Amino acid sequence: ARLAIGEEFIVRPGEKIATDAVVVEGRSALDESLLTGEPVPVEVGPGDEVTGATINTSGRLVLRAVRVGEATRLAQIGRLVTAAQSGKAPAQRLADRISAVFVPVVLVLAVATLVTWLLTTGDVTRAFTAAVAVLIIACPCALGLATPTALLVGTGRGAQLGVLIKGPEVLEQTRRADTVVLDKTGTVTEGRMSLVAIEPVEPFTTTGLLQLAAAVEAASEHPVARAIVAAVDSRESLPADSPATTLAPVSDFHSTQGLGVSGLVEGRRVQVGRANWLREAGIVLPEQLSDAARQAEQDGRTTVVVAVDGTAAGVLTVADAVKGSSRQAIAQLRELGLRPVLLTGDNEAAARHVAEQVGIAAEDVIAGVLPEGKVDVVRQ
């Protein structure tokens, strides 16, 4: 609330960015899943624009505010919700038109009833009772009040569940829908990174390689690092007969923002990071590992190479896993006569790989679209 446009402020690892800004100093990876849905962090450096409410996962950043208050992207999303709750659906407009005519007519009838009973019976109590009965039974208050109340509750509850309804008229238009546009991350997929493959090089085993990498990554806050450490805790990526172990302590830990980490584990120098970073350090990758990393990246996955004492030891692959219910849900959409389309900001390879797993046709995959461009795709 105290920030003004042009002021500089510091964001430390783990903190939320206070407002829309541009990076002045430092490098880090930002968790932008709040806006884009993508679990893979976005690397930023000097000159890059960042969005308020996203999370700084690793490095220290110095930022300059460019938009504050009602001008930020998050505030714009909030205005969409407000507009949806204040708008009128066709049903509500119809109810208002009926009420505009019907209410005065009912009031006139109630007065006429009162006068008629007074003239014919002279009983004030009975005349008043009859007039009130006409007013209560005939007045379309339920029609006039229930419709906007139902729309308000529906759009509000939808917002709580993560369903942003652009306007109340949308609720009526859904019966004419023939296409369902699905985002990939967090909708079709789990929305979080998890370890999906381990490719060790002899003499290293799957278990040994993962434990060495996880020991070093445990000191890092990067989402890829958390996925590797979580794989040891859950044992999902380990052979069934692997013994339960605890991670060895790491010393002399170093982190190179956006590239990798290194440290001493049980007297051995372990490096985990991007292939190019390790090559620059003089580590040669065997053809087996290069092929595995290339294939994984073609499938839209993220790979990190593990080196032990200056020698390449294996490749770990992390990805956003497909939800177990997605394939069945998309099949049910087709049974309803709806055409599912996958629309994502992720790369083409990752999008097609996910679409193939859940049964979406390749021609119905639209990838590499920024959040602000998705509206245009929906219009098309």
# chains A, B, ... in the order shown; residues from 1 in each chain; ligands from 1

$ residues_around --residues "segment 128-139 of chain A" --least-positions-apart "2" --cutoff "9 Å" --atoms "only C-alpha atoms" --output "ChimeraX atom specification"
/A:99,102-103,106-107,109-115,117-118,123-126,141-143

$ write_last_selection --atoms "N, CA, C and O atoms" --output "PDB file, in the first residue's frame"
ATOM      1  N   SER A  99     -41.550  -7.108 -13.948  1.00  0.00           N
ATOM      2  CA  SER A  99     -41.821  -6.459 -12.658  1.00  0.00           C
ATOM      3  C   SER A  99     -42.187  -4.993 -12.844  1.00  0.00           C
ATOM      4  O   SER A  99     -43.026  -4.444 -12.116  1.00  0.00           O
ATOM      5  N   PHE A 102     -45.814  -5.302 -13.927  1.00  0.00           N
ATOM      6  CA  PHE A 102     -46.671  -6.122 -13.080  1.00  0.00           C
ATOM      7  C   PHE A 102     -46.865  -5.513 -11.689  1.00  0.00           C
ATOM      8  O   PHE A 102     -47.961  -5.563 -11.123  1.00  0.00           O
ATOM      9  N   VAL A 103     -45.808  -4.943 -11.116  1.00  0.00           N
ATOM     10  CA  VAL A 103     -45.893  -4.395  -9.752  1.00  0.00           C
ATOM     11  C   VAL A 103     -46.925  -3.253  -9.666  1.00  0.00           C
ATOM     12  O   VAL A 103     -47.788  -3.263  -8.774  1.00  0.00           O
ATOM     13  N   VAL A 106     -50.421  -4.761  -9.806  1.00  0.00           N
ATOM     14  CA  VAL A 106     -50.799  -5.436  -8.560  1.00  0.00           C
ATOM     15  C   VAL A 106     -51.177  -4.412  -7.491  1.00  0.00           C
ATOM     16  O   VAL A 106     -52.145  -4.599  -6.736  1.00  0.00           O
ATOM     17  N   LEU A 107     -50.420  -3.329  -7.412  1.00  0.00           N
ATOM     18  CA  LEU A 107     -50.740  -2.286  -6.432  1.00  0.00           C
ATOM     19  C   LEU A 107     -52.120  -1.681  -6.706  1.00  0.00           C
ATOM     20  O   LEU A 107     -52.905  -1.437  -5.780  1.00  0.00           O
ATOM     21  N   LEU A 109     -54.602  -3.198  -8.237  1.00  0.00           N
ATOM     22  CA  LEU A 109     -55.591  -4.231  -7.905  1.00  0.00           C
ATOM     23  C   LEU A 109     -55.826  -4.311  -6.402  1.00  0.00           C
ATOM     24  O   LEU A 109     -56.959  -4.486  -5.940  1.00  0.00           O
ATOM     25  N   ALA A 110     -54.726  -4.184  -5.632  1.00  0.00           N
ATOM     26  CA  ALA A 110     -54.858  -4.249  -4.177  1.00  0.00           C
ATOM     27  C   ALA A 110     -55.694  -3.075  -3.653  1.00  0.00           C
ATOM     28  O   ALA A 110     -56.558  -3.235  -2.783  1.00  0.00           O
ATOM     29  N   VAL A 111     -55.435  -1.879  -4.179  1.00  0.00           N
ATOM     30  CA  VAL A 111     -56.214  -0.698  -3.774  1.00  0.00           C
ATOM     31  C   VAL A 111     -57.683  -0.864  -4.197  1.00  0.00           C
ATOM     32  O   VAL A 111     -58.615  -0.551  -3.434  1.00  0.00           O
ATOM     33  N   ALA A 112     -57.896  -1.376  -5.422  1.00  0.00           N
ATOM     34  CA  ALA A 112     -59.270  -1.584  -5.908  1.00  0.00           C
ATOM     35  C   ALA A 112     -60.005  -2.592  -5.029  1.00  0.00           C
ATOM     36  O   ALA A 112     -61.207  -2.438  -4.740  1.00  0.00           O
ATOM     37  N   THR A 113     -59.289  -3.638  -4.600  1.00  0.00           N
ATOM     38  CA  THR A 113     -59.891  -4.638  -3.714  1.00  0.00           C
ATOM     39  C   THR A 113     -60.299  -4.011  -2.388  1.00  0.00           C
ATOM     40  O   THR A 113     -61.394  -4.263  -1.854  1.00  0.00           O
ATOM     41  N   LEU A 114     -59.395  -3.190  -1.830  1.00  0.00           N
ATOM     42  CA  LEU A 114     -59.676  -2.517  -0.557  1.00  0.00           C
ATOM     43  C   LEU A 114     -60.943  -1.648  -0.676  1.00  0.00           C
ATOM     44  O   LEU A 114     -61.849  -1.714   0.169  1.00  0.00           O
ATOM     45  N   VAL A 115     -61.003  -0.850  -1.736  1.00  0.00           N
ATOM     46  CA  VAL A 115     -62.141   0.055  -1.930  1.00  0.00           C
ATOM     47  C   VAL A 115     -63.434  -0.733  -2.144  1.00  0.00           C
ATOM     48  O   VAL A 115     -64.498  -0.419  -1.570  1.00  0.00           O
ATOM     49  N   TRP A 117     -64.252  -3.842  -1.205  1.00  0.00           N
ATOM     50  CA  TRP A 117     -64.724  -4.500   0.023  1.00  0.00           C
ATOM     51  C   TRP A 117     -65.299  -3.476   1.010  1.00  0.00           C
ATOM     52  O   TRP A 117     -66.266  -3.760   1.719  1.00  0.00           O
ATOM     53  N   LEU A 118     -64.668  -2.303   1.076  1.00  0.00           N
ATOM     54  CA  LEU A 118     -65.197  -1.266   1.975  1.00  0.00           C
ATOM     55  C   LEU A 118     -66.590  -0.819   1.540  1.00  0.00           C
ATOM     56  O   LEU A 118     -67.498  -0.615   2.366  1.00  0.00           O
ATOM     57  N   ASP A 123     -66.753  -3.415   6.244  1.00  0.00           N
ATOM     58  CA  ASP A 123     -65.869  -4.015   7.259  1.00  0.00           C
ATOM     59  C   ASP A 123     -64.418  -3.668   6.916  1.00  0.00           C
ATOM     60  O   ASP A 123     -63.841  -4.202   5.955  1.00  0.00           O
ATOM     61  N   VAL A 124     -63.821  -2.777   7.712  1.00  0.00           N
ATOM     62  CA  VAL A 124     -62.457  -2.329   7.420  1.00  0.00           C
ATOM     63  C   VAL A 124     -61.449  -3.470   7.531  1.00  0.00           C
ATOM     64  O   VAL A 124     -60.547  -3.615   6.701  1.00  0.00           O
ATOM     65  N   THR A 125     -61.625  -4.286   8.569  1.00  0.00           N
ATOM     66  CA  THR A 125     -60.665  -5.391   8.789  1.00  0.00           C
ATOM     67  C   THR A 125     -60.683  -6.365   7.620  1.00  0.00           C
ATOM     68  O   THR A 125     -59.629  -6.767   7.096  1.00  0.00           O
ATOM     69  N   ARG A 126     -61.892  -6.801   7.199  1.00  0.00           N
ATOM     70  CA  ARG A 126     -61.975  -7.757   6.091  1.00  0.00           C
ATOM     71  C   ARG A 126     -61.468  -7.132   4.783  1.00  0.00           C
ATOM     72  O   ARG A 126     -60.819  -7.789   3.978  1.00  0.00           O
ATOM     73  N   CYS A 141     -42.516 -10.439  -6.251  1.00  0.00           N
ATOM     74  CA  CYS A 141     -41.275 -10.174  -5.512  1.00  0.00           C
ATOM     75  C   CYS A 141     -40.288 -11.327  -5.642  1.00  0.00           C
ATOM     76  O   CYS A 141     -39.084 -11.123  -5.789  1.00  0.00           O
ATOM     77  N   ALA A 142     -40.826 -12.549  -5.582  1.00  0.00           N
ATOM     78  CA  ALA A 142     -39.940 -13.709  -5.709  1.00  0.00           C
ATOM     79  C   ALA A 142     -39.248 -13.702  -7.066  1.00  0.00           C
ATOM     80  O   ALA A 142     -38.046 -13.965  -7.180  1.00  0.00           O
ATOM     81  N   LEU A 143     -40.016 -13.363  -8.110  1.00  0.00           N
ATOM     82  CA  LEU A 143     -39.439 -13.304  -9.452  1.00  0.00           C
ATOM     83  C   LEU A 143     -38.389 -12.208  -9.536  1.00  0.00           C
ATOM     84  O   LEU A 143     -37.320 -12.391 -10.121  1.00  0.00           O
TER      85      LEU A 143
END

$ residues_around --residues "Leu63 of chain A" --least-positions-apart "2" --cutoff "8 Å" --atoms "only C-alpha atoms" --output "short mmCIF file (atom, residue, chain, number, x, y, z; two decimals) with N, CA, C and O atoms, in the first residue's frame"
data_model
loop_
_atom_site.label_atom_id
_atom_site.label_comp_id
_atom_site.auth_asym_id
_atom_site.auth_seq_id
_atom_site.Cartn_x
_atom_site.Cartn_y
_atom_site.Cartn_z
N GLU A 8 11.81 1.75 -5.79
CA GLU A 8 12.49 0.45 -5.83
C GLU A 8 12.29 -0.27 -4.50
O GLU A 8 12.27 0.36 -3.43
N PHE A 9 12.14 -1.59 -4.57
CA PHE A 9 11.95 -2.39 -3.36
C PHE A 9 12.61 -3.74 -3.52
O PHE A 9 12.85 -4.21 -4.64
N ILE A 10 12.91 -4.38 -2.40
CA ILE A 10 13.62 -5.67 -2.39
C ILE A 10 12.63 -6.80 -2.15
O ILE A 10 11.73 -6.69 -1.32
N VAL A 11 12.82 -7.89 -2.90
CA VAL A 11 12.03 -9.10 -2.68
C VAL A 11 13.01 -10.25 -2.42
O VAL A 11 13.84 -10.58 -3.27
N ALA A 21 6.10 -4.87 -11.48
CA ALA A 21 7.38 -4.16 -11.44
C ALA A 21 8.30 -4.66 -12.54
O ALA A 21 7.96 -5.58 -13.30
N VAL A 22 9.49 -4.04 -12.61
CA VAL A 22 10.53 -4.47 -13.53
C VAL A 22 11.79 -4.73 -12.71
O VAL A 22 12.06 -4.05 -11.72
N VAL A 23 12.56 -5.76 -13.11
CA VAL A 23 13.75 -6.15 -12.36
C VAL A 23 14.87 -5.15 -12.62
O VAL A 23 15.22 -4.86 -13.77
N VAL A 24 15.43 -4.62 -11.54
CA VAL A 24 16.56 -3.69 -11.62
C VAL A 24 17.87 -4.43 -11.39
O VAL A 24 18.87 -4.21 -12.08
N GLU A 25 17.84 -5.37 -10.44
CA GLU A 25 19.08 -6.05 -10.06
C GLU A 25 18.74 -7.45 -9.55
O GLU A 25 17.73 -7.64 -8.87
N LEU A 61 15.95 -10.10 -5.36
CA LEU A 61 15.67 -9.19 -6.47
C LEU A 61 15.48 -7.76 -5.97
O LEU A 61 14.89 -7.54 -4.91
N ALA A 65 8.75 -0.44 -9.13
CA ALA A 65 7.31 -0.53 -9.33
C ALA A 65 6.90 0.19 -10.61
O ALA A 65 7.33 1.32 -10.86
#

$ closest_atom_pairs --of "segment 152-245 of chain A" --to "segment 340-343 of chain A" --cutoff "12 Å" --atoms "only C-alpha atoms" --output "JSON lines"
{"residue": "A:Ala177", "atom": "CA", "partner": "A:Pro340", "partner_atom": "CA", "distance": 11.3}
{"residue": "A:Asp178", "atom": "CA", "partner": "A:Pro340", "partner_atom": "CA", "distance": 9.0}
{"residue": "A:Thr179", "atom": "CA", "partner": "A:Pro340", "partner_atom": "CA", "distance": 6.0}
{"residue": "A:Val180", "atom": "CA", "partner": "A:Pro340", "partner_atom": "CA", "distance": 4.9}
{"residue": "A:Val181", "atom": "CA", "partner": "A:Val341", "partner_atom": "CA", "distance": 4.7}
{"residue": "A:Leu182", "atom": "CA", "partner": "A:Leu342", "partner_atom": "CA", "distance": 5.0}
{"residue": "A:Asp183", "atom": "CA", "partner": "A:Leu343", "partner_atom": "CA", "distance": 5.1}
{"residue": "A:Lys184", "atom": "CA", "partner": "A:Leu342", "partner_atom": "CA", "distance": 6.5}
{"residue": "A:Thr185", "atom": "CA", "partner": "A:Leu343", "partner_atom": "CA", "distance": 9.8}
{"residue": "A:Thr187", "atom": "CA", "partner": "A:Leu342", "partner_atom": "CA", "distance": 10.1}
{"residue": "A:Val188", "atom": "CA", "partner": "A:Leu342", "partner_atom": "CA", "distance": 8.8}
{"residue": "A:Thr189", "atom": "CA", "partner": "A:Leu342", "partner_atom": "CA", "distance": 11.5}

$ residues_around --residues "segment 296-304 of chain A" --least-positions-apart "2" --cutoff "7 Å" --atoms "only C-alpha atoms" --output "compact mmCIF listing (two decimals) with all heavy atoms, in the first residue's frame"
# COMPACT_ATOMS: atom_id res chain seq x y z
N VAL A 272 24.30 -30.55 -9.65
CA VAL A 272 23.00 -30.84 -10.27
C VAL A 272 22.54 -29.58 -10.99
O VAL A 272 22.39 -28.53 -10.35
CB VAL A 272 21.94 -31.26 -9.24
CG1 VAL A 272 20.65 -31.68 -9.94
CG2 VAL A 272 22.44 -32.39 -8.35
N GLY A 273 22.33 -29.70 -12.30
CA GLY A 273 21.90 -28.50 -13.03
C GLY A 273 21.72 -28.76 -14.50
O GLY A 273 21.67 -29.90 -14.97
N ARG A 274 21.62 -27.67 -15.25
CA ARG A 274 21.41 -27.76 -16.68
C ARG A 274 22.64 -28.33 -17.38
O ARG A 274 23.78 -28.12 -16.93
CB ARG A 274 21.07 -26.38 -17.25
CG ARG A 274 19.75 -25.83 -16.74
CD ARG A 274 19.41 -24.53 -17.43
NE ARG A 274 18.10 -24.03 -17.02
CZ ARG A 274 17.53 -22.95 -17.48
NH1 ARG A 274 18.16 -22.21 -18.40
NH2 ARG A 274 16.34 -22.56 -17.05
N ALA A 275 22.39 -29.00 -18.50
CA ALA A 275 23.48 -29.65 -19.23
C ALA A 275 24.53 -28.63 -19.67
O ALA A 275 25.74 -28.87 -19.55
CB ALA A 275 22.92 -30.42 -20.42
N ALA A 292 19.00 -39.02 -23.77
CA ALA A 292 17.89 -39.06 -22.82
C ALA A 292 17.38 -37.66 -22.53
O ALA A 292 16.16 -37.41 -22.48
CB ALA A 292 18.33 -39.75 -21.52
N ALA A 293 18.30 -36.70 -22.34
CA ALA A 293 17.90 -35.32 -22.06
C ALA A 293 17.20 -34.70 -23.26
O ALA A 293 16.19 -34.01 -23.13
CB ALA A 293 19.13 -34.50 -21.68
N ARG A 294 17.73 -34.96 -24.47
CA ARG A 294 17.14 -34.40 -25.69
C ARG A 294 15.72 -34.92 -25.90
O ARG A 294 14.80 -34.17 -26.21
CB ARG A 294 18.01 -34.75 -26.89
CG ARG A 294 17.64 -34.00 -28.16
CD ARG A 294 18.55 -34.37 -29.33
NE ARG A 294 19.96 -34.21 -28.99
CZ ARG A 294 20.81 -35.23 -28.84
NH1 ARG A 294 20.39 -36.47 -28.97
NH2 ARG A 294 22.08 -34.99 -28.54
N VAL A 306 23.16 -34.80 -13.35
CA VAL A 306 23.88 -34.97 -12.08
C VAL A 306 25.31 -35.37 -12.38
O VAL A 306 25.55 -36.30 -13.17
CB VAL A 306 23.21 -36.04 -11.21
CG1 VAL A 306 23.94 -36.15 -9.86
CG2 VAL A 306 21.74 -35.73 -11.00
N VAL A 315 20.84 -38.50 -15.49
CA VAL A 315 19.88 -37.45 -15.82
C VAL A 315 18.60 -37.70 -15.05
O VAL A 315 18.10 -38.83 -14.99
CB VAL A 315 19.59 -37.41 -17.33
CG1 VAL A 315 18.38 -36.52 -17.62
CG2 VAL A 315 20.79 -36.91 -18.10
N LEU A 316 18.06 -36.64 -14.44
CA LEU A 316 16.76 -36.70 -13.77
C LEU A 316 15.77 -35.87 -14.58
O LEU A 316 16.08 -34.77 -15.01
CB LEU A 316 16.85 -36.14 -12.35
CG LEU A 316 17.89 -36.78 -11.41
CD1 LEU A 316 17.82 -36.11 -10.04
CD2 LEU A 316 17.68 -38.26 -11.29
N THR A 317 14.58 -36.42 -14.78
CA THR A 317 13.55 -35.74 -15.58
C THR A 317 12.36 -35.43 -14.69
O THR A 317 11.83 -36.31 -14.03
CB THR A 317 13.10 -36.62 -16.76
OG1 THR A 317 14.24 -36.96 -17.55
CG2 THR A 317 12.08 -35.89 -17.61
N VAL A 318 11.95 -34.16 -14.69
CA VAL A 318 10.77 -33.76 -13.93
C VAL A 318 9.72 -33.22 -14.90
O VAL A 318 10.05 -32.68 -15.96
CB VAL A 318 11.11 -32.70 -12.86
CG1 VAL A 318 12.05 -33.25 -11.82
CG2 VAL A 318 11.69 -31.46 -13.50
N ALA A 319 8.47 -33.39 -14.54
CA ALA A 319 7.38 -32.94 -15.40
C ALA A 319 6.13 -32.74 -14.57
O ALA A 319 6.06 -33.17 -13.41
CB ALA A 319 7.13 -33.95 -16.52
N ASN A 347 5.11 -25.07 -24.17
CA ASN A 347 5.59 -25.27 -25.53
C ASN A 347 4.81 -26.36 -26.27
O ASN A 347 4.09 -27.16 -25.66
CB ASN A 347 7.10 -25.61 -25.53
CG ASN A 347 7.40 -26.91 -24.81
OD1 ASN A 347 6.99 -27.99 -25.24
ND2 ASN A 347 8.11 -26.82 -23.68
N ALA A 349 5.68 -29.13 -27.83
CA ALA A 349 5.98 -30.53 -27.55
C ALA A 349 5.30 -31.00 -26.28
O ALA A 349 4.70 -32.08 -26.24
CB ALA A 349 7.50 -30.71 -27.44
N ALA A 350 5.36 -30.18 -25.22
CA ALA A 350 4.73 -30.56 -23.96
C ALA A 350 3.22 -30.66 -24.11
O ALA A 350 2.59 -31.58 -23.59
CB ALA A 350 5.08 -29.54 -22.87
N HIS A 353 2.23 -33.79 -26.08
CA HIS A 353 2.48 -35.00 -25.28
C HIS A 353 1.33 -35.23 -24.30
O HIS A 353 0.84 -36.35 -24.14
CB HIS A 353 3.80 -34.85 -24.53
CG HIS A 353 4.19 -36.05 -23.73
ND1 HIS A 353 4.62 -37.23 -24.30
CD2 HIS A 353 4.20 -36.27 -22.38
CE1 HIS A 353 4.88 -38.12 -23.36
NE2 HIS A 353 4.63 -37.56 -22.19

$ residues_around --residues "Met193 of chain A" --least-positions-apart "6" --cutoff "7 Å" --atoms "only C-alpha atoms" --output "count of residues only"
7

$ closest_residue --among "A:Ala362, A:Val232, A:Arg93, A:Gly162" --to "Pro148 of chain A" --atoms "only C-alpha atoms"
A:Arg93

$ atom_distance --atom1 "atom CA of Thr82 of chain A" --atom2 "atom CA of Val369 of chain A"
26.0 Å

$ atom_distance --atom1 "atom CA of Gly310 of chain A" --atom2 "atom CA of Glu43 of chain A"
26.2 Å

$ atom_distance --atom1 "atom CA of Ile283 of chain A" --atom2 "atom CA of Asp309 of chain A"
9.7 Å

$ closest_residue --among "A:Leu212, A:Glu280, A:Arg27, A:Glu217" --to "Gly267 of chain A" --atoms "only C-alpha atoms"
A:Leu212

$ closest_residue --among "A:Ala219, A:Val196, A:Val308, A:Ala331" --to "Ala231 of chain A" --atoms "only C-alpha atoms"
A:Val196

$ residues_around --residues "Glu15 of chain A" --least-positions-apart "6" --cutoff "9 Å" --atoms "only C-alpha atoms" --output "PyMOL selection string"
chain A and resi 54-57

$ residues_around --residues "Gln271 of chain A" --least-positions-apart "3" --cutoff "12 Å" --atoms "only C-alpha atoms" --output "CSV table (one decimal) with N, CA, C and O atoms, in the first residue's frame"
chain,number,residue,atom,x,y,z
A,209,LEU,N,21.8,-42.5,-7.3
A,209,LEU,CA,21.9,-41.3,-8.0
A,209,LEU,C,20.9,-40.3,-7.4
A,209,LEU,O,21.2,-39.1,-7.2
A,212,LEU,N,21.9,-38.9,-3.9
A,212,LEU,CA,23.0,-37.9,-4.0
A,212,LEU,C,22.4,-36.5,-4.5
A,212,LEU,O,22.7,-35.5,-3.9
A,213,ALA,N,21.6,-36.6,-5.5
A,213,ALA,CA,21.0,-35.4,-6.1
A,213,ALA,C,20.1,-34.7,-5.1
A,213,ALA,O,20.1,-33.5,-4.9
A,214,ALA,N,19.3,-35.5,-4.4
A,214,ALA,CA,18.3,-35.0,-3.5
A,214,ALA,C,19.0,-34.3,-2.3
A,214,ALA,O,18.5,-33.3,-1.7
A,215,ALA,N,20.2,-34.9,-1.8
A,215,ALA,CA,20.9,-34.4,-0.7
A,215,ALA,C,21.3,-32.9,-1.0
A,215,ALA,O,21.3,-32.1,-0.1
A,216,VAL,N,21.8,-32.7,-2.2
A,216,VAL,CA,22.2,-31.3,-2.6
A,216,VAL,C,21.0,-30.4,-2.8
A,216,VAL,O,20.9,-29.3,-2.3
A,217,GLU,N,20.0,-30.9,-3.5
A,217,GLU,CA,18.8,-30.1,-3.8
A,217,GLU,C,18.0,-29.8,-2.6
A,217,GLU,O,17.2,-28.8,-2.6
A,250,VAL,N,24.7,-32.0,3.5
A,250,VAL,CA,25.5,-31.4,2.5
A,250,VAL,C,26.2,-30.2,3.1
A,250,VAL,O,25.8,-29.5,4.0
A,252,ASP,N,29.4,-27.0,2.0
A,252,ASP,CA,30.0,-26.2,1.0
A,252,ASP,C,29.0,-26.1,-0.2
A,252,ASP,O,29.4,-26.2,-1.4
A,253,PHE,N,27.8,-25.7,0.2
A,253,PHE,CA,26.7,-25.6,-0.8
A,253,PHE,C,26.8,-24.3,-1.6
A,253,PHE,O,27.0,-23.2,-1.0
A,254,HIS,N,26.6,-24.4,-2.9
A,254,HIS,CA,26.7,-23.2,-3.8
A,254,HIS,C,25.5,-23.3,-4.8
A,254,HIS,O,25.2,-24.4,-5.3
A,255,SER,N,24.9,-22.2,-5.0
A,255,SER,CA,23.8,-22.1,-6.0
A,255,SER,C,24.0,-21.1,-7.1
A,255,SER,O,24.4,-19.9,-6.7
A,256,THR,N,23.9,-21.5,-8.3
A,256,THR,CA,24.1,-20.5,-9.4
A,256,THR,C,22.7,-20.3,-10.0
A,256,THR,O,22.1,-21.2,-10.6
A,259,LEU,N,20.7,-22.0,-13.1
A,259,LEU,CA,21.6,-22.9,-13.8
A,259,LEU,C,21.8,-24.2,-13.0
A,259,LEU,O,21.6,-25.3,-13.6
A,260,GLY,N,22.1,-24.2,-11.7
A,260,GLY,CA,22.3,-25.4,-10.9
A,260,GLY,C,22.8,-25.1,-9.5
A,260,GLY,O,23.0,-24.0,-9.1
A,261,VAL,N,23.1,-26.3,-8.8
A,261,VAL,CA,23.6,-26.2,-7.5
A,261,VAL,C,24.7,-27.2,-7.3
A,261,VAL,O,24.8,-28.2,-8.1
A,262,SER,N,25.5,-27.0,-6.3
A,262,SER,CA,26.6,-28.0,-6.1
A,262,SER,C,26.9,-28.0,-4.6
A,262,SER,O,26.5,-27.1,-3.8
A,263,GLY,N,27.5,-29.1,-4.1
A,263,GLY,CA,27.8,-29.3,-2.7
A,263,GLY,C,28.6,-30.6,-2.4
A,263,GLY,O,28.7,-31.4,-3.3
A,264,LEU,N,29.1,-30.7,-1.2
A,264,LEU,CA,29.8,-31.9,-0.8
A,264,LEU,C,28.9,-32.8,0.0
A,264,LEU,O,28.3,-32.4,0.9
A,265,VAL,N,28.7,-34.0,-0.5
A,265,VAL,CA,27.9,-35.0,0.1
A,265,VAL,C,28.8,-36.3,0.4
A,265,VAL,O,29.3,-36.9,-0.5
A,268,ARG,N,32.0,-36.2,-1.4
A,268,ARG,CA,32.0,-36.2,-2.9
A,268,ARG,C,31.3,-34.9,-3.4
A,268,ARG,O,30.3,-34.5,-2.8
A,274,ARG,N,21.6,-27.7,-15.2
A,274,ARG,CA,21.4,-27.8,-16.7
A,274,ARG,C,22.6,-28.3,-17.4
A,274,ARG,O,23.8,-28.1,-16.9
A,275,ALA,N,22.4,-29.0,-18.5
A,275,ALA,CA,23.5,-29.6,-19.2
A,275,ALA,C,24.5,-28.6,-19.7
A,275,ALA,O,25.7,-28.9,-19.6
A,277,TRP,N,25.3,-25.8,-18.3
A,277,TRP,CA,26.1,-25.3,-17.2
A,277,TRP,C,27.2,-26.3,-16.8
A,277,TRP,O,28.4,-25.9,-16.5
A,278,LEU,N,26.9,-27.6,-16.9
A,278,LEU,CA,27.9,-28.6,-16.5
A,278,LEU,C,29.0,-28.7,-17.6
A,278,LEU,O,30.2,-28.9,-17.4
A,279,ARG,N,28.5,-28.5,-18.9
A,279,ARG,CA,29.5,-28.6,-20.0
A,279,ARG,C,30.5,-27.4,-19.9
A,279,ARG,O,31.7,-27.6,-20.1
A,281,ALA,N,31.5,-26.2,-17.2
A,281,ALA,CA,32.4,-26.6,-16.1
A,281,ALA,C,33.4,-27.7,-16.5
A,281,ALA,O,34.2,-28.2,-15.6
A,283,ILE,N,32.6,-30.8,-17.8
A,283,ILE,CA,32.1,-32.1,-17.6
A,283,ILE,C,31.5,-32.6,-19.0
A,283,ILE,O,30.7,-32.0,-19.6
A,304,VAL,N,17.6,-32.3,-15.6
A,304,VAL,CA,18.8,-31.8,-14.9
A,304,VAL,C,19.8,-33.0,-14.9
A,304,VAL,O,19.4,-34.1,-14.8
A,305,VAL,N,21.0,-32.6,-15.1
A,305,VAL,CA,22.1,-33.6,-15.2
A,305,VAL,C,22.8,-33.6,-13.8
A,305,VAL,O,23.0,-32.6,-13.2
A,306,VAL,N,23.2,-34.8,-13.4
A,306,VAL,CA,23.9,-35.0,-12.1
A,306,VAL,C,25.3,-35.4,-12.4
A,306,VAL,O,25.5,-36.3,-13.2
A,307,ALA,N,26.3,-34.7,-11.8
A,307,ALA,CA,27.7,-35.0,-11.9
A,307,ALA,C,28.3,-35.3,-10.5
A,307,ALA,O,27.9,-34.5,-9.6
A,308,VAL,N,29.1,-36.3,-10.4
A,308,VAL,CA,29.7,-36.6,-9.2
A,308,VAL,C,31.3,-36.6,-9.4
A,308,VAL,O,31.8,-37.3,-10.2
A,309,ASP,N,31.9,-35.8,-8.6
A,309,ASP,CA,33.4,-35.6,-8.7
A,309,ASP,C,33.9,-35.4,-10.1
A,309,ASP,O,34.8,-36.0,-10.6
A,310,GLY,N,33.1,-34.5,-10.8
A,310,GLY,CA,33.5,-34.1,-12.1
A,310,GLY,C,33.1,-35.0,-13.3
A,310,GLY,O,33.5,-34.8,-14.4
A,311,THR,N,32.4,-36.1,-12.9
A,311,THR,CA,32.0,-37.1,-14.0
A,311,THR,C,30.5,-37.1,-14.0
A,311,THR,O,29.8,-37.2,-13.0
A,312,ALA,N,29.9,-37.1,-15.2
A,312,ALA,CA,28.5,-37.2,-15.4
A,312,ALA,C,28.0,-38.5,-14.9
A,312,ALA,O,28.5,-39.6,-15.2
A,313,ALA,N,26.9,-38.5,-14.0
A,313,ALA,CA,26.4,-39.7,-13.3
A,313,ALA,C,25.0,-40.1,-13.8
A,313,ALA,O,24.6,-41.2,-13.6
A,314,GLY,N,24.3,-39.1,-14.3
A,314,GLY,CA,22.9,-39.5,-14.8
A,314,GLY,C,22.1,-38.2,-15.0
A,314,GLY,O,22.5,-37.1,-14.9
A,315,VAL,N,20.8,-38.5,-15.5
A,315,VAL,CA,19.9,-37.5,-15.8
A,315,VAL,C,18.6,-37.7,-15.0
A,315,VAL,O,18.1,-38.8,-15.0

$ closest_residue --among "A:Asp346, A:Val105, A:Val378, A:Arg176" --to "Val42 of chain A" --atoms "only C-alpha atoms"
A:Asp346

$ select_by_dssp --residues "segment 199-228 of chain A" --states "alpha helix (DSSP H)" --output "PyMOL selection string"
chain A and resi 206-217+223-228

$ residues_around --residues "Pro41 of chain A" --least-positions-apart "3" --cutoff "9 Å" --atoms "only C-alpha atoms" --output "MDAnalysis selection string"
chainID A and resid 29:33 38 57 222:224
